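Engineer: Following this line is model27.pdb, made up of PDB, C-alpha atoms:
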ATOM      1  CA  MET C   1     -17.939  -5.108 -24.325  1.00  0.00           C
ATOM      2  CA  GLU C   2     -17.386  -3.257 -21.048  1.00  0.00           C
ATOM      3  CA  ALA C   3     -16.938  -6.547 -19.212  1.00  0.00           C
ATOM      4  CA  LEU C   4     -14.315  -7.604 -21.756  1.00  0.00           C
ATOM      5  CA  ALA C   5     -12.453  -4.307 -21.343  1.00  0.00           C
ATOM      6  CA  ALA C   6     -12.551  -4.678 -17.564  1.00  0.00           C
ATOM      7  CA  ALA C   7     -11.310  -8.260 -17.769  1.00  0.00           C
ATOM      8  CA  ILE C   8      -8.410  -7.291 -20.047  1.00  0.00           C
ATOM      9  CA  ALA C   9      -7.463  -4.326 -17.831  1.00  0.00           C
ATOM     10  CA  ILE C  10      -7.443  -6.242 -14.582  1.00  0.00           C
ATOM     11  CA  GLY C  11      -5.972  -9.399 -16.127  1.00  0.00           C
ATOM     12  CA  LEU C  12      -2.986  -7.724 -17.771  1.00  0.00           C
ATOM     13  CA  ALA C  13      -2.273  -5.636 -14.673  1.00  0.00           C
ATOM     14  CA  ALA C  14      -2.435  -8.719 -12.465  1.00  0.00           C
ATOM     15  CA  LEU C  15      -0.167 -10.623 -14.849  1.00  0.00           C
ATOM     16  CA  GLY C  16       2.484  -7.888 -14.772  1.00  0.00           C
ATOM     17  CA  ALA C  17       2.206  -7.456 -11.029  1.00  0.00           C
ATOM     18  CA  SER C  18       2.529 -11.175 -10.386  1.00  0.00           C
ATOM     19  CA  PHE C  19       5.765 -11.328 -12.412  1.00  0.00           C
ATOM     20  CA  GLY C  20       7.117  -8.219 -10.704  1.00  0.00           C
ATOM     21  CA  ASN C  21       6.140  -9.301  -7.207  1.00  0.00           C
ATOM     22  CA  GLY C  22       7.508 -12.761  -7.788  1.00  0.00           C
ATOM     23  CA  MET C  23      10.910 -11.416  -8.832  1.00  0.00           C
ATOM     24  CA  ILE C  24      11.097  -8.917  -5.947  1.00  0.00           C
ATOM     25  CA  VAL C  25      10.015 -11.360  -3.260  1.00  0.00           C
ATOM     26  CA  SER C  26      12.148 -14.255  -4.515  1.00  0.00           C
ATOM     27  CA  LYS C  27      15.335 -12.150  -4.693  1.00  0.00           C
ATOM     28  CA  ALA C  28      14.714 -10.497  -1.318  1.00  0.00           C
ATOM     29  CA  LEU C  29      13.988 -13.799   0.417  1.00  0.00           C
ATOM     30  CA  GLU C  30      17.021 -15.391  -1.206  1.00  0.00           C
ATOM     31  CA  GLY C  31      19.153 -12.568   0.190  1.00  0.00           C
ATOM     32  CA  MET C  32      17.578 -12.944   3.639  1.00  0.00           C
ATOM     33  CA  ALA C  33      18.189 -16.694   3.657  1.00  0.00           C
ATOM     34  CA  ARG C  34      21.844 -16.197   2.664  1.00  0.00           C
ATOM     35  CA  GLN C  35      22.532 -13.264   5.010  1.00  0.00           C
ATOM     36  CA  PRO C  36      20.028 -13.095   7.892  1.00  0.00           C
ATOM     37  CA  GLU C  37      21.868 -10.069   9.365  1.00  0.00           C
ATOM     38  CA  LEU C  38      20.738  -7.986   6.356  1.00  0.00           C
ATOM     39  CA  ARG C  39      17.090  -8.786   7.037  1.00  0.00           C
ATOM     40  CA  GLY C  40      16.081  -5.246   8.087  1.00  0.00           C
ATOM     41  CA  ALA C  41      17.473  -3.550   4.993  1.00  0.00           C
ATOM     42  CA  LEU C  42      16.107  -6.221   2.674  1.00  0.00           C
ATOM     43  CA  GLN C  43      12.664  -6.008   4.297  1.00  0.00           C
ATOM     44  CA  GLN C  44      12.620  -2.268   3.650  1.00  0.00           C
ATOM     45  CA  THR C  45      13.570  -2.711   0.011  1.00  0.00           C
ATOM     46  CA  MET C  46      11.016  -5.500  -0.368  1.00  0.00           C
ATOM     47  CA  LEU C  47       8.214  -3.403   1.167  1.00  0.00           C
ATOM     48  CA  ILE C  48       8.877  -0.446  -1.120  1.00  0.00           C
ATOM     49  CA  GLY C  49       9.222  -2.671  -4.179  1.00  0.00           C
ATOM     50  CA  VAL C  50       6.042  -4.627  -3.465  1.00  0.00           C
ATOM     51  CA  ALA C  51       4.135  -1.412  -2.774  1.00  0.00           C
ATOM     52  CA  LEU C  52       5.229   0.177  -6.037  1.00  0.00           C
ATOM     53  CA  VAL C  53       4.393  -2.920  -8.044  1.00  0.00           C
ATOM     54  CA  GLU C  54       0.993  -3.364  -6.369  1.00  0.00           C
ATOM     55  CA  ALA C  55      -0.152   0.201  -6.976  1.00  0.00           C
ATOM     56  CA  ILE C  56      -0.720  -0.608 -10.662  1.00  0.00           C
ATOM     57  CA  PRO C  57      -3.134  -3.603 -10.291  1.00  0.00           C
ATOM     58  CA  ILE C  58      -5.024  -1.720  -7.574  1.00  0.00           C
ATOM     59  CA  ILE C  59      -5.589   1.212  -9.926  1.00  0.00           C
ATOM     60  CA  ALA C  60      -6.421  -1.236 -12.726  1.00  0.00           C
ATOM     61  CA  ALA C  61      -9.002  -2.970 -10.515  1.00  0.00           C
ATOM     62  CA  VAL C  62     -10.594   0.384  -9.733  1.00  0.00           C
ATOM     63  CA  ILE C  63     -10.668   1.345 -13.415  1.00  0.00           C
ATOM     64  CA  ALA C  64     -12.133  -2.060 -14.335  1.00  0.00           C
ATOM     65  CA  PHE C  65     -14.971  -1.600 -11.845  1.00  0.00           C
ATOM     66  CA  MET C  66     -15.572   1.938 -13.046  1.00  0.00           C
ATOM     67  CA  VAL C  67     -15.782   0.738 -16.669  1.00  0.00           C
ATOM     68  CA  MET C  68     -18.290  -2.003 -15.842  1.00  0.00           C
TER      69      MET C  68
ATOM     70  CA  MET P   1      15.562  -5.219  11.805  1.00  0.00           C
ATOM     71  CA  GLU P   2      15.095  -2.086  13.968  1.00  0.00           C
ATOM     72  CA  ASN P   3      15.264  -0.051  10.747  1.00  0.00           C
ATOM     73  CA  TYR P   4      12.248  -1.860   9.372  1.00  0.00           C
ATOM     74  CA  ASP P   5      10.219  -1.416  12.561  1.00  0.00           C
ATOM     75  CA  ALA P   6      11.128   2.278  12.665  1.00  0.00           C
ATOM     76  CA  MET P   7      10.097   2.680   9.024  1.00  0.00           C
ATOM     77  CA  VAL P   8       6.796   0.877   9.633  1.00  0.00           C
ATOM     78  CA  THR P   9       6.006   3.098  12.629  1.00  0.00           C
ATOM     79  CA  ARG P  10       6.920   6.233  10.658  1.00  0.00           C
ATOM     80  CA  GLN P  11       4.700   5.305   7.716  1.00  0.00           C
ATOM     81  CA  ARG P  12       1.727   4.518   9.959  1.00  0.00           C
ATOM     82  CA  LYS P  13       2.266   7.793  11.815  1.00  0.00           C
ATOM     83  CA  TRP P  14       2.197   9.833   8.587  1.00  0.00           C
ATOM     84  CA  MET P  15      -0.903   7.994   7.395  1.00  0.00           C
ATOM     85  CA  LEU P  16      -2.654   8.721  10.706  1.00  0.00           C
ATOM     86  CA  TYR P  17      -1.695  12.412  10.390  1.00  0.00           C
ATOM     87  CA  LEU P  18      -3.164  12.398   6.877  1.00  0.00           C
ATOM     88  CA  LEU P  19      -6.372  10.770   8.134  1.00  0.00           C
ATOM     89  CA  ALA P  20      -6.653  13.390  10.893  1.00  0.00           C
ATOM     90  CA  ILE P  21      -6.294  16.201   8.344  1.00  0.00           C
ATOM     91  CA  LEU P  22      -8.954  14.577   6.133  1.00  0.00           C
ATOM     92  CA  VAL P  23     -11.354  14.280   9.090  1.00  0.00           C
ATOM     93  CA  LEU P  24     -10.866  18.011   9.683  1.00  0.00           C
ATOM     94  CA  GLY P  25     -11.544  18.561   5.973  1.00  0.00           C
ATOM     95  CA  VAL P  26     -14.805  16.574   6.178  1.00  0.00           C
ATOM     96  CA  GLY P  27     -15.884  18.665   9.144  1.00  0.00           C
ATOM     97  CA  PHE P  28     -14.887  22.139   8.042  1.00  0.00           C
ATOM     98  CA  ALA P  29     -14.079  22.312   4.302  1.00  0.00           C
ATOM     99  CA  PRO P  30     -16.737  23.366   1.762  1.00  0.00           C
ATOM    100  CA  TYR P  31     -16.438  20.123  -0.300  1.00  0.00           C
ATOM    101  CA  PRO P  32     -17.567  17.314   2.041  1.00  0.00           C
ATOM    102  CA  GLN P  33     -18.166  14.838  -0.812  1.00  0.00           C
ATOM    103  CA  ILE P  34     -14.540  15.050  -1.969  1.00  0.00           C
ATOM    104  CA  PHE P  35     -13.132  14.845   1.552  1.00  0.00           C
ATOM    105  CA  GLN P  36     -15.395  11.899   2.404  1.00  0.00           C
ATOM    106  CA  GLY P  37     -14.136  10.105  -0.705  1.00  0.00           C
ATOM    107  CA  LEU P  38     -10.541  10.887   0.239  1.00  0.00           C
ATOM    108  CA  LEU P  39     -11.186   9.696   3.795  1.00  0.00           C
ATOM    109  CA  LEU P  40     -12.753   6.433   2.619  1.00  0.00           C
ATOM    110  CA  GLY P  41      -9.837   5.748   0.281  1.00  0.00           C
ATOM    111  CA  ALA P  42      -7.180   6.744   2.793  1.00  0.00           C
ATOM    112  CA  ALA P  43      -8.712   4.558   5.524  1.00  0.00           C
ATOM    113  CA  ALA P  44      -8.652   1.555   3.161  1.00  0.00           C
ATOM    114  CA  SER P  45      -5.147   2.546   2.144  1.00  0.00           C
ATOM    115  CA  LEU P  46      -3.973   2.547   5.772  1.00  0.00           C
ATOM    116  CA  TYR P  47      -5.452  -0.941   6.179  1.00  0.00           C
ATOM    117  CA  ASN P  48      -3.660  -2.057   2.999  1.00  0.00           C
ATOM    118  CA  LEU P  49      -0.384  -0.601   4.250  1.00  0.00           C
ATOM    119  CA  TRP P  50      -0.761  -2.270   7.655  1.00  0.00           C
ATOM    120  CA  LEU P  51      -1.550  -5.599   5.995  1.00  0.00           C
ATOM    121  CA  MET P  52       1.414  -5.341   3.641  1.00  0.00           C
ATOM    122  CA  GLN P  53       3.846  -4.463   6.439  1.00  0.00           C
ATOM    123  CA  ARG P  54       2.541  -7.311   8.592  1.00  0.00           C
ATOM    124  CA  LYS P  55       2.651  -9.900   5.797  1.00  0.00           C
ATOM    125  CA  ILE P  56       6.173  -8.929   4.706  1.00  0.00           C
ATOM    126  CA  LYS P  57       7.397  -9.207   8.291  1.00  0.00           C
ATOM    127  CA  GLN P  58       5.731 -12.613   8.689  1.00  0.00           C
ATOM    128  CA  VAL P  59       7.200 -13.929   5.426  1.00  0.00           C
ATOM    129  CA  SER P  60      10.719 -12.749   6.224  1.00  0.00           C
ATOM    130  CA  GLU P  61      10.530 -14.146   9.767  1.00  0.00           C
ATOM    131  CA  ALA P  62       9.386 -17.476   8.343  1.00  0.00           C
ATOM    132  CA  VAL P  63      12.296 -17.543   5.872  1.00  0.00           C
ATOM    133  CA  VAL P  64      14.892 -16.708   8.523  1.00  0.00           C
ATOM    134  CA  ASP P  65      13.445 -19.327  10.911  1.00  0.00           C
ATOM    135  CA  GLY P  66      13.258 -21.925   8.129  1.00  0.00           C
ATOM    136  CA  LYS P  67       9.457 -22.212   8.176  1.00  0.00           C
ATOM    137  CA  THR P  68       6.959 -22.084   5.329  1.00  0.00           C
ATOM    138  CA  LYS P  69       4.585 -19.185   4.642  1.00  0.00           C
ATOM    139  CA  TYR P  70       2.377 -18.810   1.598  1.00  0.00           C
ATOM    140  CA  GLY P  71       1.531 -15.502  -0.020  1.00  0.00           C
ATOM    141  CA  ILE P  72       1.970 -11.846   0.840  1.00  0.00           C
ATOM    142  CA  GLY P  73      -1.726 -10.913   0.812  1.00  0.00           C
ATOM    143  CA  THR P  74      -1.997  -9.310  -2.621  1.00  0.00           C
ATOM    144  CA  LEU P  75      -5.515 -10.636  -3.135  1.00  0.00           C
ATOM    145  CA  SER P  76      -6.752  -9.149   0.162  1.00  0.00           C
ATOM    146  CA  ARG P  77      -5.424  -5.734  -0.816  1.00  0.00           C
ATOM    147  CA  LEU P  78      -6.957  -5.917  -4.291  1.00  0.00           C
ATOM    148  CA  THR P  79     -10.273  -6.936  -2.720  1.00  0.00           C
ATOM    149  CA  MET P  80     -10.110  -3.954  -0.375  1.00  0.00           C
ATOM    150  CA  ALA P  81      -9.534  -1.604  -3.321  1.00  0.00           C
ATOM    151  CA  ILE P  82     -12.482  -3.138  -5.171  1.00  0.00           C
ATOM    152  CA  LEU P  83     -14.667  -2.820  -2.058  1.00  0.00           C
ATOM    153  CA  VAL P  84     -13.826   0.879  -1.786  1.00  0.00           C
ATOM    154  CA  THR P  85     -14.643   1.373  -5.464  1.00  0.00           C
ATOM    155  CA  VAL P  86     -17.966  -0.426  -5.163  1.00  0.00           C
ATOM    156  CA  VAL P  87     -18.933   1.578  -2.064  1.00  0.00           C
ATOM    157  CA  ALA P  88     -17.917   4.855  -3.730  1.00  0.00           C
ATOM    158  CA  LEU P  89     -19.886   3.971  -6.885  1.00  0.00           C
ATOM    159  CA  ARG P  90     -22.938   2.800  -4.913  1.00  0.00           C
ATOM    160  CA  PHE P  91     -23.080   5.860  -2.641  1.00  0.00           C
ATOM    161  CA  ASP P  92     -21.906   8.442  -5.141  1.00  0.00           C
ATOM    162  CA  GLU P  93     -23.915  11.182  -3.436  1.00  0.00           C
ATOM    163  CA  HIS P  94     -21.611  10.848  -0.406  1.00  0.00           C
ATOM    164  CA  PHE P  95     -18.261   9.798  -1.905  1.00  0.00           C
ATOM    165  CA  HIS P  96     -16.502  11.318  -4.904  1.00  0.00           C
ATOM    166  CA  ILE P  97     -15.082   8.372  -6.868  1.00  0.00           C
ATOM    167  CA  ILE P  98     -11.916  10.091  -8.119  1.00  0.00           C
ATOM    168  CA  ALA P  99     -11.208  11.336  -4.588  1.00  0.00           C
ATOM    169  CA  ALA P 100     -11.639   7.786  -3.288  1.00  0.00           C
ATOM    170  CA  VAL P 101      -9.121   6.500  -5.858  1.00  0.00           C
ATOM    171  CA  VAL P 102      -6.648   9.245  -4.908  1.00  0.00           C
ATOM    172  CA  GLY P 103      -7.175   8.257  -1.259  1.00  0.00           C
ATOM    173  CA  LEU P 104      -6.497   4.618  -2.146  1.00  0.00           C
ATOM    174  CA  VAL P 105      -3.030   5.426  -3.484  1.00  0.00           C
ATOM    175  CA  SER P 106      -2.208   7.843  -0.657  1.00  0.00           C
ATOM    176  CA  SER P 107      -0.262   5.215   1.296  1.00  0.00           C
ATOM    177  CA  TYR P 108       2.019   4.658  -1.702  1.00  0.00           C
ATOM    178  CA  ILE P 109       2.643   8.410  -1.934  1.00  0.00           C
ATOM    179  CA  VAL P 110       3.412   8.515   1.809  1.00  0.00           C
ATOM    180  CA  LEU P 111       5.692   5.488   1.454  1.00  0.00           C
ATOM    181  CA  MET P 112       7.678   7.005  -1.427  1.00  0.00           C
ATOM    182  CA  ALA P 113       7.916  10.413   0.254  1.00  0.00           C
ATOM    183  CA  ASP P 114       9.189   8.765   3.445  1.00  0.00           C
ATOM    184  CA  PHE P 115      11.731   6.748   1.460  1.00  0.00           C
ATOM    185  CA  PHE P 116      13.074   9.843  -0.347  1.00  0.00           C
ATOM    186  CA  ILE P 117      13.208  11.908   2.858  1.00  0.00           C
ATOM    187  CA  GLN P 118      15.072   9.157   4.713  1.00  0.00           C
ATOM    188  CA  THR P 119      17.510   8.710   1.808  1.00  0.00           C
ATOM    189  CA  PHE P 120      18.107  12.468   1.748  1.00  0.00           C
ATOM    190  CA  ILE P 121      18.725  12.557   5.518  1.00  0.00           C
ATOM    191  CA  ARG P 122      21.069   9.556   5.339  1.00  0.00           C
ATOM    192  CA  ASP P 123      23.032  11.079   2.439  1.00  0.00           C
ATOM    193  CA  LYS P 124      23.330  14.375   4.278  1.00  0.00           C
ATOM    194  CA  LYS P 125      24.663  12.631   7.404  1.00  0.00           C
ATOM    195  CA  ALA P 126      27.267  10.655   5.420  1.00  0.00           C
TER     196      ALA P 126
END
Would you mind writing the file's structure down as structure tokens?

Structural biologist:
Amino acid sequence: MEALAAAIAIGLAALGASFGNGMIVSKALEGMARQPELRGALQQTMLIGVALVEAIPIIAAVIAFMVM
Amino acid sequence: MENYDAMVTRQRKWMLYLLAILVLGVGFAPYPQIFQGLLLGAAASLYNLWLMQRKIKQVSEAVVDGKTKYGIGTLSRLTMAILVTVVALRFDEHFHIIAAVVGLVSSYIVLMADFFIQTFIRDKKA
């Protein structure tokens, strides 16, 4: 049962993070390809966005391993 | 572009300050187990931050130059977090697990604090 709980926790977190990361990265890279002079600002926004999105699956992975 | 490099350097600098304070805590504070956990997590967190900054720079350089680059290293960072958890659970007499988890998210706290401080400074200048 613990393994199932861990799998659900890490799986759902990874699913959400993959959608979020995909949207952030695709929009930022699209902007960079259209306007290369805005690369610095877009990189900053992308870094902060990716970091915020990735905090959740990292915590979920930790919780999953603690549950198991 | 210079903005991003300046931000990266600033974030690494704050993380290194945090690590230095934690090392002092391990040496002198009365709760070595908690500070060792925090230090373990924060060290992994600094590695995660460095990896994320490097990968994002590589991906954006590849896009601007018209090359192909796959992935931004999410799996490596997740693996690092899992490794820290396993080490903290295995050696629980040395590392406090909750402290290790707090250490793991310290780079995100530093990153957000830096972002808010820089926004505040920029708004004050304007």

Engineer: Kindly provide, as a PyMOL selection string, the residues of chain P having any atom no farther than 9 Å from an atom of chain C, counting only C-alpha atoms.

Structural biologist: chain P and resi 1-5+7-8+49+52-53+56-57+59-61+63-64+66+74+77-79+81-82+84-86+89+97+101+104-105+107-108+111-112+115

Engineer: Take every atom of segment 12-27 of chain C listed in the file, pad by 4 Å on each side, and give me the axis-aligned box centre and edge lengths in Å, one decimal, as AutoDock Vina command-line options.

Structural biologist:
--center_x 6.2 --center_y -9.9 --center_z -10.5 --size_x 26.3 --size_y 16.6 --size_z 22.5

Engineer: Rounded to one decimal, what separation in Å do you get between atom CA of Ala5 of chain C and atom CA of Met68 of chain C?

Structural biologist: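 If I compute the distance from atom CA of Ala5 of chain C to atom CA of Met68 of chain C, I get 8.3 Å.
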
Engineer: Can you work out the spacing between atom CA of Phe95 of chain P and atom CA of Ala7 of chain C in Å, to one decimal?

Structural biologist: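 Here the two named atoms are 25.0 Å from each other.
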
Engineer: What's the separation between atom CA of Met23 of chain C and atom CA of Ala42 of chain P, in Å to one decimal place?

Structural biologist: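 That distance, rounded to one decimal, is 28.1 Å.
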
Engineer: For this file, the PyMOL selection byres ((chain P and resi 25-38) around 7) selects which residues, as a PyMOL selection string?

Structural biologist: chain P and resi 21-24+39-42+94-97+99-100+102-103

Engineer: I need the residue set behind the PyMOL selection byres ((chain P and resi 10-14) around 8) for this file; please write it as a PyMOL selection string.

Structural biologist: chain P and resi 6-9+15-18+46+49-50+110-111+114

Engineer: Which one of P:Leu51, P:Ala113, P:Ala126, P:Leu19 sits closest to Met80 of chain P if you count only C-alpha atoms?

Structural biologist: P:Leu51
